[in-house]
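Asker: One structure coming up, written as structure tokens, with questions to follow.
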Amino acid sequence: MSHIYVAGSINQDITARVQRRPRPGETIAGESVSFGLGGKGANQAVAAARSGASVELIGAVGGDRFGEELLADLDGEHGLSTAHVRRVPDSSTGVALITVDSDSENAIVVVPGANATLAPEHIADVEMSDGAVALSQFEVPQPTIRAFFEQAQSRGVTTVLNPAPADDVRDDLLELVDYLVVNETEALFYSDGDANSGLSTAGLEATAADLRAHDEQVVVVTLGRAGVFASTPSETIELDAYAVDPVDTTGAGDAFVGAFATAIGDGLALQDALDTGTAAGALATTEAGATPSLPTRAAIQNIRQDS
Ligand code: RIB
């Protein structure tokens, strides 16, 4: 069984379904609202646990009611160890304000709150076991991620970074990454790529070469309905997406990353791990919400067998 450490964000997601988004200065009526556990860190931790890993989440919530409820959800409903999730009394819990429109596309504003307080010293007492996977994203401070990955490397732990949302990044962080997983928008941001070269294999190969921070690094670019692309120093892999009817794309990228990291931890070959992530990402679009839509290992196996 994979053992995965996730240093990442924990958010209260507040999701409104709308026909369309309001223009500046306009007020519109939404169709429904839902509240749930979110944050790229928590989503990827839950995705990894549902896909079969044993998961340790390292993060922070505020001293407010959201923090209390999310901690209880993580521990109870989602069965994650929260020994390394701190409550920060004088901070608010991270909040994501999400709209999902009639095309099932989302737009998100995140207020980091307690996530911004996660510091390198909060990583120091995490005992990582050899052969595990360390996973992080960009909703917690980069110096903390760097400390996390340095510790991971010193223990023989594989590192996976999903640098989302896109932000300026230092090379000395990227050099610690074994698997870099980005979506197409992030790939263009980090590589200063040309949007016109788009999804062509040559364009993606050039982008991956630009992104790769060291010779052994595997670069994965998720392409939504166009599938996934991966580049290693010795091969290029392209896989199609699974055909599903999407309802809400929120959390689909997190489903991919969590399931992919689990598969890597399980020792699957890269192509198999990519296919596992792609199946999880597709399934996650077929239900509303971030964590409610994250698929189980059985659901992932079913869709893979049926295709
Ligand atoms: O990736 C989806 C997540 O992004 C949401 O759950 C929201 O909290 C934001 O962090």
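To be explicit about the labels: the chains of the structure tokens are called A, B, and onward in the order shown, and within each one the residues are counted from 1, while ligands get numbers from 1 in the order they are shown.
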Please identify the residues whose atoms come within 8 Å of ligand 1, using only C-alpha atoms and all ligand atoms, and report them as a PyMOL selection string.

Answerer: chain A and resi 9-13+37-43+94-98+108-110+139+250-254+289-291

Asker: Please report, as CSV, each residue of segment 81-165 of chain A lying at most 10 Å from segment 22-31 of chain A, together with the nearest pair of atoms and the separation in Å rounded to one decimal; use only C-alpha atoms, and order rows by chain and ascending residue number.

Answerer:
residue,atom,partner,partner_atom,distance
A:Thr99,CA,A:Gly30,CA,9.0
A:Val100,CA,A:Gly30,CA,9.8
A:Asp101,CA,A:Gly30,CA,9.6

Asker: Between A:Leu268, A:Ala259, A:Leu174, A:Leu294, which residue has the minimum interatomic distance to Ser51 of chain A, considering only C-alpha atoms?

Answerer: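 Nearest candidate to Ser51 of chain A out of A:Leu268, A:Ala259, A:Leu174, A:Leu294: A:Ala259.
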
Asker: Name all residues at most 10 Å from Arg65 of chain A (count only C-alpha atoms; drop same-chain ones fewer than 5 positions away) and give them as a count of residues only.

Answerer: 3

Asker: Find, counting only C-alpha atoms, the residue in A:Asp275, A:Asp248, A:Asp125, A:Glu287 that gets nearest to Ser102 of chain A.

Answerer: A:Asp248

Asker: Kindly give the distance, in Å, that separates atom CA of Ala114 of chain A and atom CA of Ser91 of chain A, rounded to a single decimal.

Answerer: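 Interatomic distance, atom CA of Ala114 of chain A to atom CA of Ser91 of chain A: 5.5 Å.
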
Asker: For the strand (DSSP E) assignment from backbone DSSP, which residues of segment 103-297 of chain A qualify? Please present them as an NGL selection string.

Answerer: :A and (106-111 or 133-137 or 158-162 or 179-183 or 218-222 or 228-231 or 236-239)

Asker: Kindly export the residues of the current selection with N, CA, C and O atoms, as a compact mmCIF listing (two decimals), in the first residue's frame.

Answerer:
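Output below, filename part-v5.txt:
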# COMPACT_ATOMS: atom_id res chain seq x y z
N ASN A 106 -15.69 25.91 -13.71
CA ASN A 106 -15.66 26.64 -12.45
C ASN A 106 -14.75 27.87 -12.53
O ASN A 106 -13.86 27.94 -13.38
N ALA A 107 -14.99 28.80 -11.64
CA ALA A 107 -14.10 29.96 -11.43
C ALA A 107 -14.00 30.11 -9.91
O ALA A 107 -15.02 30.02 -9.22
N ILE A 108 -12.80 30.31 -9.40
CA ILE A 108 -12.57 30.21 -7.95
C ILE A 108 -11.77 31.40 -7.42
O ILE A 108 -10.77 31.80 -8.02
N VAL A 109 -12.22 31.94 -6.28
CA VAL A 109 -11.42 32.90 -5.51
C VAL A 109 -11.05 32.21 -4.20
O VAL A 109 -11.93 31.71 -3.50
N VAL A 110 -9.76 32.13 -3.89
CA VAL A 110 -9.33 31.51 -2.63
C VAL A 110 -8.77 32.57 -1.69
O VAL A 110 -7.93 33.38 -2.08
N VAL A 111 -9.25 32.57 -0.45
CA VAL A 111 -8.68 33.41 0.61
C VAL A 111 -7.91 32.44 1.53
O VAL A 111 -8.52 31.59 2.19
N VAL A 133 5.59 8.66 -0.66
CA VAL A 133 5.50 9.76 -1.63
C VAL A 133 5.15 11.03 -0.86
O VAL A 133 4.27 11.01 0.01
N ALA A 134 5.84 12.14 -1.18
CA ALA A 134 5.52 13.45 -0.59
C ALA A 134 4.91 14.32 -1.68
O ALA A 134 5.47 14.45 -2.77
N LEU A 135 3.75 14.89 -1.37
CA LEU A 135 2.96 15.59 -2.40
C LEU A 135 2.60 16.98 -1.90
O LEU A 135 2.21 17.16 -0.75
N SER A 136 2.73 17.99 -2.78
CA SER A 136 2.32 19.34 -2.38
C SER A 136 1.83 20.15 -3.58
O SER A 136 1.96 19.71 -4.74
N GLN A 137 1.25 21.31 -3.27
CA GLN A 137 0.67 22.22 -4.25
C GLN A 137 1.00 23.64 -3.81
O GLN A 137 1.57 23.83 -2.75
N THR A 158 9.79 9.80 -2.61
CA THR A 158 9.56 10.39 -3.93
C THR A 158 8.75 11.68 -3.78
O THR A 158 7.80 11.73 -3.00
N THR A 159 9.10 12.72 -4.55
CA THR A 159 8.38 13.99 -4.44
C THR A 159 7.52 14.26 -5.68
O THR A 159 7.96 14.05 -6.81
N VAL A 160 6.29 14.72 -5.43
CA VAL A 160 5.37 15.07 -6.51
C VAL A 160 4.88 16.49 -6.23
O VAL A 160 4.34 16.76 -5.15
N LEU A 161 5.07 17.40 -7.20
CA LEU A 161 4.60 18.78 -7.03
C LEU A 161 3.56 19.12 -8.08
O LEU A 161 3.77 18.90 -9.28
N ASN A 162 2.44 19.63 -7.62
CA ASN A 162 1.41 20.19 -8.50
C ASN A 162 1.40 21.70 -8.24
O ASN A 162 0.74 22.16 -7.31
N TYR A 179 8.36 14.30 -9.79
CA TYR A 179 7.25 14.34 -10.77
C TYR A 179 6.60 15.72 -10.67
O TYR A 179 6.11 16.11 -9.61
N LEU A 180 6.60 16.45 -11.78
CA LEU A 180 5.97 17.77 -11.84
C LEU A 180 4.67 17.61 -12.62
O LEU A 180 4.69 17.17 -13.79
N VAL A 181 3.54 17.93 -11.99
CA VAL A 181 2.24 17.73 -12.66
C VAL A 181 1.56 19.09 -12.81
O VAL A 181 1.24 19.76 -11.81
N VAL A 182 1.33 19.50 -14.06
CA VAL A 182 0.68 20.78 -14.34
C VAL A 182 -0.46 20.58 -15.32
O VAL A 182 -0.49 19.58 -16.05
N ASN A 183 -1.41 21.53 -15.35
CA ASN A 183 -2.39 21.48 -16.43
C ASN A 183 -1.85 22.37 -17.56
O ASN A 183 -0.77 22.96 -17.46
N VAL A 218 10.27 13.84 -14.25
CA VAL A 218 9.16 13.48 -15.14
C VAL A 218 8.18 14.66 -15.14
O VAL A 218 7.77 15.13 -14.08
N VAL A 219 7.84 15.14 -16.33
CA VAL A 219 6.89 16.26 -16.45
C VAL A 219 5.58 15.72 -17.01
O VAL A 219 5.55 15.07 -18.05
N VAL A 220 4.50 15.98 -16.28
CA VAL A 220 3.17 15.51 -16.69
C VAL A 220 2.31 16.73 -16.96
O VAL A 220 2.24 17.64 -16.14
N VAL A 221 1.65 16.77 -18.13
CA VAL A 221 0.73 17.87 -18.45
C VAL A 221 -0.66 17.28 -18.64
O VAL A 221 -0.88 16.48 -19.56
N THR A 222 -1.59 17.64 -17.75
CA THR A 222 -2.97 17.15 -17.92
C THR A 222 -3.68 18.10 -18.89
O THR A 222 -3.51 19.32 -18.83
N VAL A 228 -3.82 13.25 -21.46
CA VAL A 228 -2.64 13.59 -20.66
C VAL A 228 -1.38 13.35 -21.48
O VAL A 228 -1.36 12.49 -22.37
N PHE A 229 -0.36 14.13 -21.17
CA PHE A 229 0.94 14.03 -21.85
C PHE A 229 2.00 13.91 -20.77
O PHE A 229 1.92 14.58 -19.74
N ALA A 230 2.98 13.05 -20.99
CA ALA A 230 4.09 12.98 -20.03
C ALA A 230 5.40 12.84 -20.78
O ALA A 230 5.47 12.21 -21.84
N SER A 231 6.41 13.46 -20.21
CA SER A 231 7.72 13.41 -20.83
C SER A 231 8.76 13.04 -19.79
O SER A 231 8.81 13.64 -18.71
N THR A 236 8.15 9.66 -24.35
CA THR A 236 7.00 10.56 -24.32
C THR A 236 5.77 9.68 -24.33
O THR A 236 5.70 8.72 -25.09
N ILE A 237 4.81 9.97 -23.46
CA ILE A 237 3.58 9.17 -23.40
C ILE A 237 2.40 10.12 -23.59
O ILE A 237 2.33 11.18 -22.96
N GLU A 238 1.45 9.73 -24.46
CA GLU A 238 0.22 10.50 -24.62
C GLU A 238 -0.95 9.54 -24.48
O GLU A 238 -0.98 8.50 -25.14
N LEU A 239 -1.90 9.88 -23.62
CA LEU A 239 -3.07 9.04 -23.44
C LEU A 239 -4.33 9.86 -23.66
O LEU A 239 -4.38 11.04 -23.29

Asker: Extract the full set of helix (DSSP H, G or I) residues from segment 129-295 of chain A according to DSSP on the backbone, and format it as a short mmCIF file (atom, residue, chain, number, x, y, z; two decimals) with N, CA, C and O atoms, in the first residue's frame.

Answerer:
data_model
loop_
_atom_site.label_atom_id
_atom_site.label_comp_id
_atom_site.auth_asym_id
_atom_site.auth_seq_id
_atom_site.Cartn_x
_atom_site.Cartn_y
_atom_site.Cartn_z
N GLN A 142 5.77 28.51 -0.32
CA GLN A 142 6.83 27.73 -0.99
C GLN A 142 8.00 27.36 -0.08
O GLN A 142 8.56 26.26 -0.22
N PRO A 143 8.43 28.22 0.86
CA PRO A 143 9.54 27.78 1.73
C PRO A 143 9.17 26.52 2.52
O PRO A 143 10.04 25.69 2.83
N THR A 144 7.90 26.37 2.85
CA THR A 144 7.45 25.18 3.58
C THR A 144 7.53 23.95 2.66
O THR A 144 7.96 22.87 3.08
N ILE A 145 7.13 24.13 1.42
CA ILE A 145 7.20 23.01 0.46
C ILE A 145 8.66 22.60 0.27
O ILE A 145 8.98 21.41 0.21
N ARG A 146 9.51 23.60 0.21
CA ARG A 146 10.93 23.30 0.02
C ARG A 146 11.47 22.48 1.21
O ARG A 146 12.14 21.46 1.02
N ALA A 147 11.13 22.90 2.41
CA ALA A 147 11.58 22.16 3.61
C ALA A 147 11.02 20.74 3.59
O ALA A 147 11.70 19.76 3.93
N PHE A 148 9.77 20.61 3.18
CA PHE A 148 9.09 19.32 3.10
C PHE A 148 9.81 18.39 2.11
O PHE A 148 10.11 17.23 2.40
N PHE A 149 10.12 18.92 0.94
CA PHE A 149 10.77 18.09 -0.09
C PHE A 149 12.23 17.79 0.27
O PHE A 149 12.75 16.72 -0.07
N GLU A 150 12.90 18.72 0.95
CA GLU A 150 14.29 18.44 1.37
C GLU A 150 14.29 17.27 2.35
O GLU A 150 15.11 16.35 2.26
N GLN A 151 13.33 17.33 3.27
CA GLN A 151 13.22 16.24 4.25
C GLN A 151 12.86 14.93 3.54
O GLN A 151 13.41 13.87 3.86
N ALA A 152 11.97 15.02 2.57
CA ALA A 152 11.56 13.83 1.83
C ALA A 152 12.76 13.20 1.13
O ALA A 152 13.01 11.99 1.24
N GLN A 153 13.53 14.04 0.44
CA GLN A 153 14.69 13.51 -0.29
C GLN A 153 15.69 12.85 0.64
O GLN A 153 16.27 11.82 0.32
N SER A 154 15.87 13.44 1.83
CA SER A 154 16.86 12.87 2.77
C SER A 154 16.39 11.52 3.30
O SER A 154 17.17 10.76 3.85
N ASP A 171 13.92 28.07 -8.81
CA ASP A 171 14.52 26.85 -9.37
C ASP A 171 14.93 25.89 -8.26
O ASP A 171 14.89 24.67 -8.44
N ASP A 172 15.36 26.44 -7.08
CA ASP A 172 15.84 25.52 -6.04
C ASP A 172 14.69 24.71 -5.42
O ASP A 172 14.94 23.74 -4.72
N LEU A 173 13.45 25.07 -5.69
CA LEU A 173 12.33 24.21 -5.31
C LEU A 173 12.09 23.15 -6.40
O LEU A 173 11.99 21.96 -6.13
N LEU A 174 12.06 23.60 -7.65
CA LEU A 174 11.79 22.66 -8.75
C LEU A 174 12.84 21.56 -8.84
O LEU A 174 12.54 20.43 -9.25
N GLU A 184 -2.63 22.47 -18.63
CA GLU A 184 -2.11 23.16 -19.80
C GLU A 184 -1.82 24.64 -19.53
O GLU A 184 -0.80 25.18 -19.96
N THR A 185 -2.71 25.27 -18.78
CA THR A 185 -2.54 26.70 -18.47
C THR A 185 -1.27 26.90 -17.65
O THR A 185 -0.47 27.82 -17.91
N GLU A 186 -1.08 26.04 -16.65
CA GLU A 186 0.12 26.16 -15.81
C GLU A 186 1.38 25.87 -16.62
O GLU A 186 2.42 26.52 -16.42
N ALA A 187 1.30 24.90 -17.53
CA ALA A 187 2.47 24.57 -18.35
C ALA A 187 2.90 25.80 -19.14
O ALA A 187 4.10 26.11 -19.23
N LEU A 188 1.93 26.50 -19.71
CA LEU A 188 2.28 27.70 -20.49
C LEU A 188 2.85 28.78 -19.58
O LEU A 188 3.83 29.45 -19.92
N PHE A 189 2.27 28.94 -18.39
CA PHE A 189 2.75 29.95 -17.44
C PHE A 189 4.21 29.68 -17.06
O PHE A 189 5.06 30.57 -17.10
N TYR A 190 4.51 28.42 -16.70
CA TYR A 190 5.85 28.12 -16.19
C TYR A 190 6.92 28.06 -17.29
O TYR A 190 8.09 28.22 -17.02
N SER A 191 6.48 27.80 -18.52
CA SER A 191 7.48 27.63 -19.57
C SER A 191 7.57 28.86 -20.46
O SER A 191 8.33 28.86 -21.41
N ALA A 195 0.98 29.78 -26.62
CA ALA A 195 -0.37 29.20 -26.58
C ALA A 195 -0.75 28.63 -27.94
O ALA A 195 -1.51 27.67 -28.04
N ASN A 196 -0.17 29.18 -29.03
CA ASN A 196 -0.55 28.71 -30.36
C ASN A 196 -0.01 27.33 -30.68
O ASN A 196 -0.53 26.62 -31.52
N SER A 197 1.09 26.95 -29.98
CA SER A 197 1.62 25.61 -30.26
C SER A 197 0.71 24.57 -29.62
O SER A 197 0.77 23.39 -29.93
N THR A 201 2.01 17.49 -30.24
CA THR A 201 3.04 16.75 -29.51
C THR A 201 4.34 17.55 -29.48
O THR A 201 5.00 17.65 -28.44
N ALA A 202 4.68 18.17 -30.61
CA ALA A 202 5.94 18.94 -30.65
C ALA A 202 5.88 20.10 -29.67
O ALA A 202 6.85 20.37 -28.94
N GLY A 203 4.72 20.78 -29.60
CA GLY A 203 4.56 21.91 -28.69
C GLY A 203 4.70 21.45 -27.24
O GLY A 203 5.37 22.10 -26.43
N LEU A 204 4.07 20.32 -26.91
CA LEU A 204 4.13 19.80 -25.54
C LEU A 204 5.54 19.34 -25.18
O LEU A 204 6.01 19.53 -24.06
N GLU A 205 6.22 18.73 -26.16
CA GLU A 205 7.59 18.28 -25.90
C GLU A 205 8.50 19.47 -25.61
O GLU A 205 9.32 19.43 -24.68
N ALA A 206 8.31 20.54 -26.37
CA ALA A 206 9.13 21.74 -26.15
C ALA A 206 8.81 22.33 -24.77
O ALA A 206 9.71 22.74 -24.03
N THR A 207 7.52 22.34 -24.42
CA THR A 207 7.11 22.89 -23.13
C THR A 207 7.71 22.06 -21.99
O THR A 207 8.24 22.60 -21.01
N ALA A 208 7.64 20.74 -22.13
CA ALA A 208 8.17 19.86 -21.08
C ALA A 208 9.68 20.04 -20.94
O ALA A 208 10.20 20.09 -19.82
N ALA A 209 10.36 20.18 -22.07
CA ALA A 209 11.82 20.38 -22.01
C ALA A 209 12.14 21.68 -21.29
O ALA A 209 13.11 21.76 -20.51
N ASP A 210 11.32 22.68 -21.52
CA ASP A 210 11.48 23.98 -20.86
C ASP A 210 11.26 23.88 -19.35
O ASP A 210 11.95 24.51 -18.55
N LEU A 211 10.24 23.07 -18.98
CA LEU A 211 9.86 22.95 -17.58
C LEU A 211 10.85 22.10 -16.78
O LEU A 211 11.04 22.33 -15.59
N GLY A 224 -7.20 17.91 -19.75
CA GLY A 224 -8.66 17.86 -19.68
C GLY A 224 -9.23 16.86 -20.68
O GLY A 224 -8.82 15.70 -20.71
N ARG A 225 -10.14 17.34 -21.52
CA ARG A 225 -10.80 16.44 -22.48
C ARG A 225 -9.84 15.88 -23.53
O ARG A 225 -10.19 14.96 -24.27
N ALA A 226 -8.63 16.46 -23.61
CA ALA A 226 -7.66 15.95 -24.59
C ALA A 226 -6.72 14.91 -23.98
O ALA A 226 -5.82 14.43 -24.64
N ALA A 252 -11.26 17.99 -10.38
CA ALA A 252 -10.84 16.94 -11.33
C ALA A 252 -9.31 16.83 -11.38
O ALA A 252 -8.75 15.72 -11.39
N GLY A 253 -8.65 17.99 -11.40
CA GLY A 253 -7.18 17.97 -11.40
C GLY A 253 -6.65 17.35 -10.12
O GLY A 253 -5.66 16.60 -10.14
N ASP A 254 -7.30 17.62 -9.00
CA ASP A 254 -6.86 17.05 -7.72
C ASP A 254 -7.07 15.54 -7.71
O ASP A 254 -6.26 14.79 -7.14
N ALA A 255 -8.18 15.09 -8.32
CA ALA A 255 -8.43 13.64 -8.40
C ALA A 255 -7.30 12.98 -9.18
O ALA A 255 -6.78 11.91 -8.79
N PHE A 256 -6.89 13.61 -10.30
CA PHE A 256 -5.79 13.06 -11.09
C PHE A 256 -4.54 12.95 -10.23
O PHE A 256 -3.91 11.89 -10.14
N VAL A 257 -4.17 14.05 -9.58
CA VAL A 257 -2.88 14.08 -8.85
C VAL A 257 -2.89 13.06 -7.71
O VAL A 257 -1.91 12.32 -7.51
N GLY A 258 -3.99 13.01 -6.93
CA GLY A 258 -4.05 12.08 -5.80
C GLY A 258 -3.95 10.63 -6.24
O GLY A 258 -3.20 9.83 -5.65
N ALA A 259 -4.70 10.29 -7.29
CA ALA A 259 -4.69 8.89 -7.77
C ALA A 259 -3.36 8.56 -8.44
O ALA A 259 -2.83 7.44 -8.30
N PHE A 260 -2.80 9.53 -9.16
CA PHE A 260 -1.50 9.33 -9.81
C PHE A 260 -0.41 9.09 -8.76
O PHE A 260 0.39 8.15 -8.88
N ALA A 261 -0.40 9.91 -7.71
CA ALA A 261 0.62 9.75 -6.66
C ALA A 261 0.48 8.39 -5.98
O ALA A 261 1.48 7.73 -5.67
N THR A 262 -0.75 7.95 -5.76
CA THR A 262 -0.96 6.63 -5.16
C THR A 262 -0.39 5.54 -6.06
O THR A 262 0.28 4.61 -5.60
N ALA A 263 -0.67 5.66 -7.35
CA ALA A 263 -0.20 4.65 -8.30
C ALA A 263 1.33 4.62 -8.36
O ALA A 263 1.95 3.55 -8.42
N ILE A 264 1.95 5.79 -8.31
CA ILE A 264 3.42 5.85 -8.29
C ILE A 264 3.94 5.18 -7.02
O ILE A 264 4.88 4.38 -7.04
N GLY A 265 3.29 5.48 -5.89
CA GLY A 265 3.69 4.86 -4.62
C GLY A 265 3.50 3.36 -4.62
O GLY A 265 4.23 2.61 -3.97
N LEU A 270 4.88 4.13 -15.31
CA LEU A 270 4.39 5.50 -15.54
C LEU A 270 3.10 5.51 -16.37
O LEU A 270 2.14 6.21 -16.04
N GLN A 271 3.05 4.70 -17.43
CA GLN A 271 1.85 4.71 -18.30
C GLN A 271 0.60 4.30 -17.52
O GLN A 271 -0.47 4.87 -17.68
N ASP A 272 0.74 3.29 -16.69
CA ASP A 272 -0.37 2.81 -15.86
C ASP A 272 -0.79 3.87 -14.84
O ASP A 272 -1.98 4.06 -14.58
N ALA A 273 0.20 4.52 -14.25
CA ALA A 273 -0.10 5.56 -13.25
C ALA A 273 -0.83 6.73 -13.91
O ALA A 273 -1.77 7.29 -13.35
N LEU A 274 -0.40 7.08 -15.13
CA LEU A 274 -1.06 8.17 -15.86
C LEU A 274 -2.50 7.80 -16.19
O LEU A 274 -3.43 8.61 -16.08
N ASP A 275 -2.70 6.55 -16.59
CA ASP A 275 -4.05 6.09 -16.95
C ASP A 275 -4.95 6.09 -15.70
O ASP A 275 -6.12 6.46 -15.77
N THR A 276 -4.38 5.68 -14.57
CA THR A 276 -5.13 5.69 -13.30
C THR A 276 -5.57 7.12 -12.97
O THR A 276 -6.73 7.38 -12.63
N GLY A 277 -4.64 8.07 -13.09
CA GLY A 277 -4.96 9.47 -12.81
C GLY A 277 -6.01 10.01 -13.77
O GLY A 277 -6.94 10.72 -13.37
N THR A 278 -5.88 9.65 -15.05
CA THR A 278 -6.82 10.14 -16.06
C THR A 278 -8.22 9.61 -15.79
O THR A 278 -9.22 10.34 -15.89
N ALA A 279 -8.31 8.34 -15.40
CA ALA A 279 -9.62 7.75 -15.07
C ALA A 279 -10.22 8.47 -13.86
O ALA A 279 -11.41 8.81 -13.85
N ALA A 280 -9.39 8.72 -12.84
CA ALA A 280 -9.89 9.40 -11.63
C ALA A 280 -10.36 10.81 -11.96
O ALA A 280 -11.42 11.26 -11.50
N GLY A 281 -9.60 11.52 -12.79
CA GLY A 281 -9.97 12.88 -13.17
C GLY A 281 -11.30 12.91 -13.91
O GLY A 281 -12.15 13.76 -13.66
N ALA A 282 -11.49 11.98 -14.82
CA ALA A 282 -12.75 11.93 -15.59
C ALA A 282 -13.92 11.65 -14.66
O ALA A 282 -14.95 12.34 -14.71
N LEU A 283 -13.75 10.67 -13.78
CA LEU A 283 -14.85 10.32 -12.85
C LEU A 283 -15.22 11.50 -11.96
O LEU A 283 -16.40 11.71 -11.64
N ALA A 284 -14.22 12.27 -11.57
CA ALA A 284 -14.47 13.40 -10.65
C ALA A 284 -15.34 14.48 -11.29
O ALA A 284 -15.94 15.29 -10.58
N THR A 291 -14.54 17.34 -2.94
CA THR A 291 -14.32 16.03 -2.31
C THR A 291 -15.46 15.02 -2.56
O THR A 291 -15.16 13.83 -2.70
N PRO A 292 -16.74 15.45 -2.66
CA PRO A 292 -17.77 14.43 -2.89
C PRO A 292 -17.56 13.66 -4.20
O PRO A 292 -17.99 12.51 -4.35
N SER A 293 -16.88 14.29 -5.17
CA SER A 293 -16.77 13.66 -6.49
C SER A 293 -15.52 12.78 -6.63
O SER A 293 -15.33 12.16 -7.68
#

Asker: Given the choices A:Leu57, A:Ala49, A:Ala288, A:Ala269, which gets closest to Val247 of chain A if the distance is worked out from only C-alpha atoms?

Answerer: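 Residue with the minimum atom-to-atom distance to Val247 of chain A: A:Ala288.
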
Asker: So which one's closest to Gly131 of chain A, A:Ala298, A:Ala83, A:Met1, A:Val18? Using only C-alpha atoms, please.

Answerer: A:Met1

Asker: Excluding same-chain residues fewer than 3 positions from His122 of chain A, what lies within 9 Å of it counting only C-alpha atoms, as a list in words?

Answerer: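 Listing them by chain and then by number gives Ile58, Gly59, His84, Arg86, Leu118, Ala119, Asp125, Val126 and Thr144 of chain A.
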
Asker: Provide the atom CA of Thr232 of chain A to atom CA of Ser54 of chain A distance in Å, to one decimal place.

Answerer: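 Those two atoms sit 27.1 Å apart.
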
Asker: Got a sec: who's within 9 Å of Glu56 of chain A, counting only C-alpha atoms, leaving out chain neighbours fewer than 6 positions off, as number ranges by chain?

Answerer: A: 3-7, 45, 80-84

Asker: Could you save those same residues with all heavy atoms as a short mmCIF file (atom, residue, chain, number, x, y, z; two decimals), in the first residue's frame?

Answerer:
data_model
loop_
_atom_site.label_atom_id
_atom_site.label_comp_id
_atom_site.auth_asym_id
_atom_site.auth_seq_id
_atom_site.Cartn_x
_atom_site.Cartn_y
_atom_site.Cartn_z
N HIS A 3 2.17 4.93 0.86
CA HIS A 3 2.06 5.83 1.99
C HIS A 3 2.34 7.24 1.46
O HIS A 3 3.40 7.48 0.89
CB HIS A 3 3.06 5.44 3.09
CG HIS A 3 2.66 6.00 4.40
ND1 HIS A 3 2.04 5.25 5.37
CD2 HIS A 3 2.72 7.25 4.89
CE1 HIS A 3 1.76 6.03 6.41
NE2 HIS A 3 2.17 7.24 6.13
N ILE A 4 1.37 8.13 1.65
CA ILE A 4 1.51 9.46 1.05
C ILE A 4 1.42 10.55 2.11
O ILE A 4 0.49 10.55 2.93
CB ILE A 4 0.42 9.69 -0.02
CG1 ILE A 4 0.46 8.54 -1.01
CG2 ILE A 4 0.58 11.04 -0.69
CD1 ILE A 4 0.10 8.83 -2.41
N TYR A 5 2.40 11.47 2.08
CA TYR A 5 2.37 12.66 2.94
C TYR A 5 1.97 13.83 2.06
O TYR A 5 2.58 14.05 1.01
CB TYR A 5 3.76 12.91 3.54
CG TYR A 5 4.24 11.75 4.38
CD1 TYR A 5 4.99 10.72 3.80
CD2 TYR A 5 3.90 11.66 5.72
CE1 TYR A 5 5.40 9.64 4.55
CE2 TYR A 5 4.32 10.58 6.49
CZ TYR A 5 5.06 9.57 5.89
OH TYR A 5 5.46 8.50 6.64
N VAL A 6 0.95 14.55 2.49
CA VAL A 6 0.50 15.72 1.71
C VAL A 6 0.68 16.96 2.58
O VAL A 6 0.06 17.07 3.65
CB VAL A 6 -0.98 15.61 1.31
CG1 VAL A 6 -1.40 16.81 0.45
CG2 VAL A 6 -1.27 14.30 0.57
N ALA A 7 1.54 17.90 2.15
CA ALA A 7 1.62 19.20 2.83
C ALA A 7 0.82 20.15 1.96
O ALA A 7 1.24 20.48 0.84
CB ALA A 7 3.07 19.66 2.94
N ALA A 45 -5.32 14.79 -0.85
CA ALA A 45 -5.18 13.80 0.23
C ALA A 45 -6.35 12.82 0.22
O ALA A 45 -6.17 11.59 0.31
CB ALA A 45 -5.09 14.51 1.58
N LEU A 80 -8.79 10.44 7.43
CA LEU A 80 -7.38 10.83 7.29
C LEU A 80 -6.78 11.11 8.66
O LEU A 80 -7.46 11.61 9.55
CB LEU A 80 -7.25 12.11 6.47
CG LEU A 80 -7.69 12.06 5.02
CD1 LEU A 80 -7.37 13.38 4.35
CD2 LEU A 80 -6.95 10.94 4.29
N SER A 81 -5.48 10.82 8.80
CA SER A 81 -4.81 11.19 10.03
C SER A 81 -4.63 12.71 10.05
O SER A 81 -4.11 13.29 9.10
CB SER A 81 -3.44 10.51 10.10
OG SER A 81 -2.64 11.20 11.03
N THR A 82 -5.07 13.36 11.13
CA THR A 82 -4.93 14.82 11.21
C THR A 82 -3.97 15.22 12.34
O THR A 82 -4.02 16.35 12.82
CB THR A 82 -6.32 15.49 11.45
OG1 THR A 82 -6.90 14.86 12.60
CG2 THR A 82 -7.21 15.34 10.26
N ALA A 83 -3.11 14.29 12.72
CA ALA A 83 -2.16 14.58 13.80
C ALA A 83 -1.31 15.80 13.46
O ALA A 83 -0.82 16.49 14.35
CB ALA A 83 -1.28 13.36 14.04
N HIS A 84 -1.10 16.07 12.16
CA HIS A 84 -0.27 17.20 11.75
C HIS A 84 -1.08 18.35 11.18
O HIS A 84 -0.55 19.17 10.42
CB HIS A 84 0.79 16.74 10.76
CG HIS A 84 1.78 15.78 11.35
ND1 HIS A 84 2.74 16.16 12.26
CD2 HIS A 84 1.91 14.45 11.21
CE1 HIS A 84 3.44 15.11 12.63
NE2 HIS A 84 2.95 14.05 12.00
#

Asker: Figure out the distance between atom CA of His78 of chain A and atom CA of Arg50 of chain A, please, to one decimal in Å.

Answerer: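 Between atom CA of Arg50 of chain A and atom CA of His78 of chain A the gap works out to 8.5 Å.
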
Asker: Find the residue from A:Pro246, A:Pro165, A:Gly79, A:Gly62 that sits nearest to Ala47 of chain A; use only C-alpha atoms when measuring.

Answerer: A:Gly79
